[in-house]
Amino acid sequence: MLQRVQTVFLAIAVIGMGMFLAFPIWNKMSLSGDQSALLTATKLTHQVTPVQSNIQPVYYLIALAILVAGISAYAIFQYRNRVLQSALCAVNSIVMTILMGLVIYFTFYKAAKLFDPELPGKYDMGFYGLVGAMLANVFANRFIRKDERTVQQSKRFR
């Protein structure tokens with residue numbers, strides 16, 4: 001049945017990954033205002049002056065985000081096979097953990113050291129979309145396992 005609570009959580013995970021792809025993930029502006037850094041799902045941009053900018057592509061963030069959204073969307077329609085649905089959520093958790101690790105790596109080790117290392121920068125809507133998708137995936141997996149336990153108990157009573 002599509003009208004289960006885990007379907008809503010898996011849909012929230014898809015929406016969260018859409019936010020991750022559509023919005024900036026992290027940005028940092030120097031105190032003087034002449035330098036800025038911006039991390040999106042496609043690139044890491046370091047702009048020194050209005051004329052000069054350094055762009056580093058990070059296409060693997062897009063690939064992983066699309067993979068997570070695709071797995072979540074596929075898992076929604078696997079409601080007849082709860083074991084497979086739970087396994088897909090576990091794979092999604094692993095891929096989202098890798099994605100979060102890459103975002104943290106870029107924000108703390110790559111982009112933060114471009115200028116003003118003591119200035120941390122701030123996370124934007126894209127990052128919070130990833131966090132929301134991770135939480136929604138955890139809750140979806142929890143409710144899938146709860147449904148599977150309920151079905152197994154009902155089989156035992158027969």
# chains A, B, ... in the order shown; residues from 1 in each chain; ligands from 1
call {"tool": "select_by_dssp", "arguments": {"residues": "segment 36-150 of chain A", "states": "strand (DSSP E or B)", "output": "list of chain:residue names"}}
result
A:Ser36, A:Ala37, A:Leu38, A:Leu39, A:Lys43, A:Leu44, A:Thr45, A:His46, A:Gln47, A:Ser53, A:Asn54, A:Ile55, A:Gln56, A:Pro57, A:Lys122, A:Tyr123
call {"tool": "closest_atom_pairs", "arguments": {"of": "segment 46-151 of chain A", "to": "segment 20-28 of chain A", "cutoff": "6 Å", "atoms": "only C-alpha atoms", "output": "tab-separated table"}}
result
residue	atom	partner	partner_atom	distance
A:Gly121	CA	A:Lys28	CA	4.2
A:Lys122	CA	A:Asn27	CA	5.7
A:Tyr123	CA	A:Trp26	CA	4.3
A:Asp124	CA	A:Ile25	CA	5.0
A:Met125	CA	A:Phe23	CA	5.9
A:Gly126	CA	A:Phe20	CA	3.9
A:Phe127	CA	A:Ile25	CA	4.8
A:Gly129	CA	A:Phe20	CA	5.3
A:Leu130	CA	A:Phe20	CA	5.8
call {"tool": "residues_around", "arguments": {"residues": "Ala133 of chain A", "least_positions_apart": "2", "cutoff": "7 Å", "atoms": "only C-alpha atoms", "output": "PDB file with C-alpha atoms, in the first residue's frame"}}
result
ATOM      1  CA  ILE A  12      10.537  13.694   1.956  1.00  0.00           C
ATOM      2  CA  ALA A  13      13.956  12.147   1.263  1.00  0.00           C
ATOM      3  CA  GLY A  16      15.385  16.842   0.432  1.00  0.00           C
ATOM      4  CA  MET A  17      17.749  15.633  -2.271  1.00  0.00           C
ATOM      5  CA  GLY A 129      17.980  19.393   2.565  1.00  0.00           C
ATOM      6  CA  LEU A 130      20.612  16.652   2.885  1.00  0.00           C
ATOM      7  CA  VAL A 131      20.191  16.496   6.664  1.00  0.00           C
ATOM      8  CA  LEU A 135      16.535  11.867   8.937  1.00  0.00           C
ATOM      9  CA  ALA A 136      13.574  10.983   6.719  1.00  0.00           C
ATOM     10  CA  ASN A 137      15.420   7.898   5.448  1.00  0.00           C
TER      11      ASN A 137
END
call {"tool": "select_by_dssp", "arguments": {"residues": "segment 1-121 of chain A", "states": "helix (DSSP H, G or I)", "output": "JSON, numbers by chain"}}
result
{"A": [5, 6, 7, 8, 9, 10, 11, 12, 13, 14, 15, 16, 17, 18, 19, 20, 21, 22, 59, 60, 61, 62, 63, 64, 65, 66, 67, 68, 69, 70, 71, 72, 73, 74, 75, 76, 82, 83, 84, 85, 86, 87, 88, 89, 90, 91, 92, 93, 94, 95, 96, 97, 98, 99, 100, 101, 102, 103, 104, 105, 106, 107, 108, 109, 110]}
call {"tool": "residues_around", "arguments": {"residues": "Ile66 of chain A", "least_positions_apart": "2", "cutoff": "10 Å", "atoms": "only C-alpha atoms", "output": "list in words"}}
result
Val14, Met17, Gly18, Phe20, Leu21, Tyr60, Leu61, Ile62, Ala63, Leu64, Val68, Ala69, Gly70, Ile71 and Ser72 of chain A
call {"tool": "closest_residue", "arguments": {"among": "A:Phe106, A:Tyr74, A:Tyr128, A:Phe143", "to": "Thr45 of chain A", "atoms": "only C-alpha atoms"}}
result
A:Phe106
call {"tool": "atom_distance", "arguments": {"atom1": "atom CA of Gln78 of chain A", "atom2": "atom CA of Thr7 of chain A"}}
result
9.9 Å
call {"tool": "atom_distance", "arguments": {"atom1": "atom CA of Ala75 of chain A", "atom2": "atom CA of Glu148 of chain A"}}
result
14.9 Å
call {"tool": "residues_around", "arguments": {"residues": "segment 80-90 of chain A", "least_positions_apart": "3", "cutoff": "9 Å", "atoms": "only C-alpha atoms", "output": "PyMOL selection string"}}
result
chain A and resi 1+10+71-72+74-77+93-95+137-138+140-142+144-145+147-148
call {"tool": "closest_residue", "arguments": {"among": "A:Met134, A:Ala37, A:Leu102, A:Val151", "to": "Leu114 of chain A", "atoms": "only C-alpha atoms"}}
result
A:Ala37
call {"tool": "closest_residue", "arguments": {"among": "A:Asn92, A:Asn54, A:Gln47, A:Ser30", "to": "Pro120 of chain A", "atoms": "only C-alpha atoms"}}
result
A:Ser30
call {"tool": "atom_distance", "arguments": {"atom1": "atom CA of Val58 of chain A", "atom2": "atom CA of Leu39 of chain A"}}
result
9.0 Å
